[in-house]
$ cat protein.csv   # CSV, C-alpha atoms
chain,number,residue,atom,x,y,z
A,3,THR,CA,-2.2,2.3,-3.6
A,4,TRP,CA,-5.6,2.3,-5.2
A,5,ASP,CA,-4.5,-0.2,-7.9
A,6,ALA,CA,-3.2,-2.5,-5.2
A,7,PHE,CA,-6.5,-2.4,-3.3
A,8,HIS,CA,-8.4,-3.0,-6.5
A,9,PHE,CA,-6.3,-6.1,-7.0
A,10,LEU,CA,-6.8,-7.3,-3.4
A,11,ILE,CA,-10.5,-6.9,-3.7
A,12,ILE,CA,-10.7,-8.8,-7.0
A,13,PHE,CA,-8.4,-11.5,-5.5
A,14,CYS,CA,-10.7,-11.9,-2.5
A,15,ASN,CA,-13.7,-12.0,-4.8
A,16,HIS,CA,-12.2,-14.8,-6.9
A,17,ASN,CA,-11.3,-16.8,-3.8
A,18,PRO,CA,-14.4,-16.7,-1.7
A,19,GLY,CA,-14.2,-18.5,1.6
A,20,ALA,CA,-10.5,-19.2,1.2
A,21,GLY,CA,-9.5,-17.7,4.5
A,22,LEU,CA,-6.6,-15.9,3.0
A,23,GLU,CA,-4.5,-13.9,5.4
A,24,ILE,CA,-3.7,-10.5,3.8
A,25,TYR,CA,-1.7,-7.9,5.6
A,26,VAL,CA,-1.6,-4.2,4.6
A,27,LEU,CA,1.5,-2.7,6.2
A,28,ARG,CA,3.0,0.7,6.8
A,29,ASP,CA,5.8,2.1,8.9
A,30,THR,CA,3.5,2.9,11.8
A,31,LEU,CA,0.0,1.9,12.8
A,32,THR,CA,-1.0,5.5,13.0
A,33,ASN,CA,0.1,6.1,9.4
A,34,CYS,CA,-1.6,2.9,8.3
A,35,LYS,CA,-4.9,4.0,9.8
A,36,ASP,CA,-4.6,7.7,8.9
A,37,TYR,CA,-3.7,7.2,5.2
A,38,THR,CA,-3.7,3.6,4.0
A,39,LEU,CA,-6.9,2.6,5.6
A,40,LYS,CA,-8.7,5.7,4.4
A,41,ASP,CA,-7.6,4.8,0.8
A,42,PHE,CA,-8.9,1.3,1.3
A,43,ILE,CA,-12.3,2.6,2.4
A,44,GLY,CA,-12.3,5.0,-0.5
A,45,VAL,CA,-11.8,2.2,-2.9
A,46,LEU,CA,-14.5,0.1,-1.3
A,47,SER,CA,-16.8,3.1,-1.5
A,48,GLU,CA,-15.9,3.8,-5.1
A,49,CYS,CA,-16.6,0.1,-6.0
A,50,ASP,CA,-19.9,0.1,-3.9
A,51,LEU,CA,-18.5,-2.6,-1.7
A,52,LEU,CA,-18.5,-1.0,1.8
A,53,HIS,CA,-21.4,-3.4,2.7
A,54,GLU,CA,-19.2,-6.5,1.8
A,55,ALA,CA,-16.2,-5.6,4.0
A,56,LYS,CA,-17.0,-6.3,7.7
A,57,LEU,CA,-14.7,-4.3,10.0
A,58,SER,CA,-13.7,-5.6,13.4
A,59,ASN,CA,-11.3,-4.2,16.0
A,60,PRO,CA,-11.0,-0.6,14.9
A,61,GLN,CA,-7.8,-0.2,17.1
A,62,LYS,CA,-6.0,-2.7,14.8
A,63,PRO,CA,-8.3,-2.8,11.8
A,64,ASP,CA,-9.3,-6.2,10.5
A,65,PHE,CA,-11.7,-6.7,7.6
A,66,LYS,CA,-13.5,-9.8,6.5
A,67,LEU,CA,-14.1,-9.7,2.7
A,68,TRP,CA,-15.8,-12.7,1.1
A,69,GLY,CA,-14.4,-15.1,3.7
A,70,ASN,CA,-10.8,-13.6,3.6
A,71,ASN,CA,-9.0,-11.6,6.2
A,72,ILE,CA,-7.4,-8.2,5.6
A,73,HIS,CA,-5.4,-6.8,8.4
A,74,PHE,CA,-4.0,-3.3,8.6
A,75,ARG,CA,-0.9,-3.1,10.7
A,76,GLY,CA,2.0,-0.8,11.5
A,77,LEU,CA,5.6,-2.0,11.7
A,78,ASP,CA,6.5,0.1,14.7
A,79,ASP,CA,6.1,-2.8,17.1
A,80,GLU,CA,9.2,-4.8,16.0
A,81,GLU,CA,8.5,-7.7,18.4
A,82,LYS,CA,5.3,-8.6,16.5
A,83,THR,CA,6.5,-7.7,13.1
A,84,GLU,CA,7.9,-11.1,12.2
A,85,GLY,CA,5.0,-13.0,13.5
A,86,TYR,CA,2.5,-12.5,10.6
A,87,PRO,CA,2.2,-15.6,8.5
A,88,SER,CA,0.5,-14.4,5.4
A,89,ASP,CA,-0.8,-15.3,2.0
A,90,ILE,CA,-0.4,-11.7,0.6
A,91,LEU,CA,1.6,-8.8,2.0
A,92,PHE,CA,1.0,-5.2,0.7
A,93,PHE,CA,3.7,-2.8,1.9
A,94,ASN,CA,2.4,0.7,1.4
A,95,GLU,CA,5.2,3.3,1.2
A,96,LEU,CA,7.9,0.7,1.2
A,97,LEU,CA,10.7,3.4,1.3
A,98,GLU,CA,9.7,4.1,4.8
A,99,ILE,CA,10.1,0.5,6.0
A,100,LYS,CA,13.2,-1.1,7.4
A,101,LYS,CA,14.7,-3.9,5.3
A,102,ARG,CA,14.9,-6.1,8.5
A,103,SER,CA,11.1,-5.8,8.9
A,104,PHE,CA,10.5,-6.5,5.3
A,105,ASN,CA,12.7,-9.6,5.3
A,106,GLY,CA,11.2,-11.0,8.4
A,107,LEU,CA,7.7,-10.8,6.9
A,108,LYS,CA,8.8,-11.9,3.4
A,109,MET,CA,9.9,-15.3,4.6
A,110,ARG,CA,6.5,-16.0,6.1
A,111,CYS,CA,4.5,-15.0,3.0
A,112,ARG,CA,3.0,-17.9,1.1
A,113,LYS,CA,1.8,-16.3,-2.2
A,114,LEU,CA,2.5,-12.7,-3.1
A,115,ILE,CA,4.1,-9.5,-2.0
A,116,ILE,CA,3.0,-6.1,-3.3
A,117,ALA,CA,4.8,-2.8,-2.5
A,118,ASP,CA,4.3,0.8,-3.5
A,119,TRP,CA,6.1,4.1,-2.8
A,120,ASN,CA,6.4,7.6,-3.9
A,121,PRO,CA,9.7,8.5,-5.7
A,122,LYS,CA,11.3,10.5,-2.9
A,123,LEU,CA,14.6,8.5,-2.8
A,124,THR,CA,17.0,7.4,-5.5
A,125,ASN,CA,19.1,5.0,-3.4
A,126,HIS,CA,17.2,2.4,-1.3
A,127,TRP,CA,17.3,-1.3,-0.6
A,128,ALA,CA,14.0,-1.8,-2.4
A,129,PHE,CA,15.6,-0.9,-5.8
A,130,ASP,CA,17.9,-3.9,-5.5
A,131,MET,CA,14.9,-6.2,-5.9
A,132,GLU,CA,14.2,-4.9,-9.4
A,133,SER,CA,16.8,-7.3,-10.9
A,134,ASN,CA,15.2,-10.4,-9.2
A,135,PRO,CA,13.6,-12.7,-11.8
A,136,ASP,CA,10.5,-13.2,-9.6
A,137,CYS,CA,9.8,-9.5,-9.3
A,138,PHE,CA,7.7,-7.3,-11.5
A,139,PHE,CA,8.2,-3.6,-11.4
A,140,THR,CA,5.9,-1.0,-12.8
A,141,HIS,CA,6.2,2.8,-12.9
A,142,THR,CA,3.3,5.1,-12.8
A,143,THR,CA,3.0,8.7,-11.9
A,144,TYR,CA,0.4,11.1,-10.6
A,145,LYS,CA,-0.6,11.5,-14.3
A,146,ASN,CA,-2.0,7.9,-14.2
A,147,ASN,CA,-4.1,8.6,-11.1
A,148,LYS,CA,-7.6,9.7,-12.3
A,149,HIS,CA,-8.7,10.0,-8.7
A,150,LEU,CA,-6.2,12.7,-7.8
A,151,GLN,CA,-7.6,16.1,-6.9
A,152,GLN,CA,-6.7,18.9,-9.2
A,153,SER,CA,-5.3,20.9,-6.3
A,154,ILE,CA,-2.8,18.1,-5.7
A,155,VAL,CA,-1.9,17.9,-9.4
A,156,LYS,CA,-1.3,21.7,-9.4
A,157,GLU,CA,0.9,21.4,-6.3
A,158,ILE,CA,3.0,18.6,-7.9
A,159,GLU,CA,3.4,20.4,-11.2
A,160,GLY,CA,4.4,23.5,-9.2
A,161,TYR,CA,7.7,21.8,-8.5
A,162,GLU,CA,8.5,21.2,-12.2
A,163,PRO,CA,11.2,23.6,-13.4
A,164,THR,CA,9.2,25.1,-16.2
A,165,GLU,CA,10.0,28.7,-17.3
A,166,GLU,CA,6.7,29.9,-15.6
A,167,ASN,CA,7.5,28.1,-12.3
A,168,ILE,CA,11.0,29.5,-12.3
A,169,ARG,CA,9.7,33.0,-12.9
A,170,ASN,CA,7.3,32.5,-10.0
A,171,LYS,CA,10.1,31.1,-7.9
$ encode --input "protein.csv" --output "structure tokens"
Amino acid sequence: TWDAFHFLIIFCNHNPGAGLEIYVLRDTLTNCKDYTLKDFIGVLSECDLLHEAKLSNPQKPDFKLWGNNIHFRGLDDEEKTEGYPSDILFFNELLEIKKRSFNGLKMRCRKLIIADWNPKLTNHWAFDMESNPDCFFTHTTYKNNKHLQQSIVKEIEGYEPTEENIRNK
């Protein structure tokens, strides 16, 4: 998620005043605000850019960043889901999003789609896209995340079936 936000910030910085329409999407607006938006603010803070991003409408967060628009939305309002013409879509936690919602937004996207997810499923429609020639898949784990708190690392590694973890049940 943080890497996607770093990319979006750099993209906005390299396209000042372009009026790009960027949508950051999650299954519900509540999840988008409680988790995804907090990560975005964390990245802005880490990059010392909170002063650059102008927030409007906290109920449905919109940011202006170097003349580009970043909208945070939930996909729980299906009537409005397909109505977002966009330049870039970022689907946070794609495995929680319905294929119908994804497809409705995909056809209105002009430039790029980014998606991320945690590996909690092995069979999902998103994995079918990996064979598309216009898709690029990467695989990272918590070990690549230098921002992850040590308590979370310990929790994740507690699930690993090492001899010590098995002994500790």
$ residues_around --input "protein.csv" --residues "Asp36 of chain A" --least-positions-apart "5" --cutoff "12 Å" --atoms "all atoms listed in the file" --output "list in words"
Arg28, Asp29, Thr30, Leu31, Asp41, Phe42, Ile43, Gln61, Pro63, Phe74, Arg75 and Gly76 of chain A
$ closest_atom_pairs --input "protein.csv" --of "segment 68-157 of chain A" --to "segment 16-23 of chain A" --cutoff "9 Å" --atoms "all atoms listed in the file" --output "CSV"
residue,atom,partner,partner_atom,distance
A:Trp68,CA,A:Pro18,CA,5.1
A:Gly69,CA,A:Gly19,CA,4.0
A:Asn70,CA,A:Gly21,CA,4.4
A:Asn71,CA,A:Glu23,CA,5.1
A:Ile72,CA,A:Glu23,CA,6.4
A:His73,CA,A:Glu23,CA,7.8
A:Tyr86,CA,A:Glu23,CA,8.8
A:Pro87,CA,A:Glu23,CA,7.6
A:Ser88,CA,A:Glu23,CA,5.0
A:Asp89,CA,A:Glu23,CA,5.2
A:Ile90,CA,A:Glu23,CA,6.7
A:Leu91,CA,A:Glu23,CA,8.6
$ atom_distance --input "protein.csv" --atom1 "atom CA of Cys49 of chain A" --atom2 "atom CA of Asn120 of chain A"
24.3 Å
$ atom_distance --input "protein.csv" --atom1 "atom CA of Thr140 of chain A" --atom2 "atom CA of Asp118 of chain A"
9.6 Å
$ closest_residue --input "protein.csv" --among "A:Glu48, A:Leu150, A:Gly85, A:Val155" --to "Arg110 of chain A" --atoms "all atoms listed in the file"
A:Gly85
$ atom_distance --input "protein.csv" --atom1 "atom CA of Trp119 of chain A" --atom2 "atom CA of Ser58 of chain A"
27.4 Å
$ closest_residue --input "protein.csv" --among "A:Ile154, A:Leu97, A:Ala55, A:Cys34" --to "Ala128 of chain A" --atoms "all atoms listed in the file"
A:Leu97
$ build_atoms --input "protein.csv" --residues "segment 127-138 of chain A" --atoms "all heavy atoms" --output "tab-separated table (two decimals), in the frame of the given file"
chain	number	residue	atom	x	y	z
A	127	TRP	N	17.24	0.14	-0.50
A	127	TRP	CA	17.30	-1.30	-0.60
A	127	TRP	C	16.25	-1.89	-1.52
A	127	TRP	O	16.44	-2.93	-2.17
A	127	TRP	CB	17.37	-1.99	0.73
A	127	TRP	CG	16.15	-1.75	1.57
A	127	TRP	CD1	15.98	-0.80	2.53
A	127	TRP	CD2	14.92	-2.47	1.51
A	127	TRP	NE1	14.72	-0.87	3.07
A	127	TRP	CE2	14.04	-1.89	2.46
A	127	TRP	CE3	14.45	-3.54	0.75
A	127	TRP	CZ2	12.75	-2.35	2.66
A	127	TRP	CZ3	13.16	-4.00	0.96
A	127	TRP	CH2	12.32	-3.40	1.91
A	128	ALA	N	15.09	-1.26	-1.60
A	128	ALA	CA	14.00	-1.80	-2.40
A	128	ALA	C	14.36	-1.86	-3.89
A	128	ALA	O	13.92	-2.77	-4.61
A	128	ALA	CB	12.74	-0.93	-2.24
A	129	PHE	N	15.20	-0.93	-4.35
A	129	PHE	CA	15.60	-0.90	-5.80
A	129	PHE	C	16.42	-2.10	-6.16
A	129	PHE	O	16.49	-2.46	-7.33
A	129	PHE	CB	16.27	0.40	-6.13
A	129	PHE	CG	15.46	1.63	-5.80
A	129	PHE	CD1	16.05	2.71	-5.16
A	129	PHE	CD2	14.12	1.72	-6.11
A	129	PHE	CE1	15.32	3.85	-4.84
A	129	PHE	CE2	13.38	2.85	-5.80
A	129	PHE	CZ	13.98	3.91	-5.17
A	130	ASP	N	17.08	-2.73	-5.19
A	130	ASP	CA	17.90	-3.90	-5.50
A	130	ASP	C	17.04	-5.10	-5.92
A	130	ASP	O	17.54	-6.00	-6.58
A	130	ASP	CB	18.70	-4.32	-4.23
A	130	ASP	CG	19.69	-3.25	-3.79
A	130	ASP	OD1	20.06	-2.40	-4.64
A	130	ASP	OD2	20.07	-3.25	-2.61
A	131	MET	N	15.78	-5.10	-5.57
A	131	MET	CA	14.90	-6.20	-5.90
A	131	MET	C	14.52	-6.20	-7.41
A	131	MET	O	14.07	-7.21	-7.95
A	131	MET	CB	13.64	-6.21	-5.08
A	131	MET	CG	13.90	-6.51	-3.62
A	131	MET	SD	12.40	-6.66	-2.66
A	131	MET	CE	11.80	-4.98	-2.67
A	132	GLU	N	14.68	-5.07	-8.06
A	132	GLU	CA	14.20	-4.90	-9.40
A	132	GLU	C	14.89	-5.97	-10.37
A	132	GLU	O	14.29	-6.42	-11.33
A	132	GLU	CB	14.50	-3.53	-9.96
A	132	GLU	CG	13.86	-3.27	-11.30
A	132	GLU	CD	13.90	-1.80	-11.69
A	132	GLU	OE1	14.48	-0.98	-10.95
A	132	GLU	OE2	13.34	-1.48	-12.74
A	133	SER	N	16.11	-6.38	-10.05
A	133	SER	CA	16.80	-7.30	-10.90
A	133	SER	C	16.43	-8.80	-10.60
A	133	SER	O	16.85	-9.70	-11.31
A	133	SER	CB	18.32	-7.15	-10.76
A	133	SER	OG	18.71	-7.38	-9.42
A	134	ASN	N	15.65	-9.05	-9.55
A	134	ASN	CA	15.20	-10.40	-9.20
A	134	ASN	C	14.27	-10.92	-10.30
A	134	ASN	O	13.33	-10.22	-10.68
A	134	ASN	CB	14.54	-10.47	-7.87
A	134	ASN	CG	15.48	-10.21	-6.73
A	134	ASN	OD1	16.69	-10.11	-6.91
A	134	ASN	ND2	14.94	-10.07	-5.54
A	135	PRO	N	14.47	-12.14	-10.78
A	135	PRO	CA	13.60	-12.70	-11.80
A	135	PRO	C	12.15	-12.88	-11.39
A	135	PRO	O	11.25	-12.92	-12.23
A	135	PRO	CB	14.25	-13.99	-12.23
A	135	PRO	CG	15.12	-14.36	-11.08
A	135	PRO	CD	15.53	-13.08	-10.41
A	136	ASP	N	11.91	-12.98	-10.09
A	136	ASP	CA	10.50	-13.20	-9.60
A	136	ASP	C	9.87	-11.90	-9.18
A	136	ASP	O	8.83	-11.93	-8.52
A	136	ASP	CB	10.51	-14.23	-8.49
A	136	ASP	CG	11.31	-13.80	-7.27
A	136	ASP	OD1	12.07	-12.81	-7.36
A	136	ASP	OD2	11.18	-14.45	-6.23
A	137	CYS	N	10.44	-10.75	-9.57
A	137	CYS	CA	9.80	-9.50	-9.30
A	137	CYS	C	9.37	-8.77	-10.52
A	137	CYS	O	10.01	-8.86	-11.58
A	137	CYS	CB	10.87	-8.55	-8.57
A	137	CYS	SG	11.23	-9.01	-6.88
A	138	PHE	N	8.26	-8.09	-10.39
A	138	PHE	CA	7.70	-7.30	-11.50
A	138	PHE	C	7.58	-5.88	-11.05
A	138	PHE	O	6.91	-5.60	-10.06
A	138	PHE	CB	6.34	-7.88	-11.91
A	138	PHE	CG	5.66	-7.08	-12.98
A	138	PHE	CD1	6.10	-7.13	-14.28
A	138	PHE	CD2	4.58	-6.28	-12.66
A	138	PHE	CE1	5.48	-6.38	-15.27
A	138	PHE	CE2	3.94	-5.52	-13.64
A	138	PHE	CZ	4.39	-5.57	-14.95
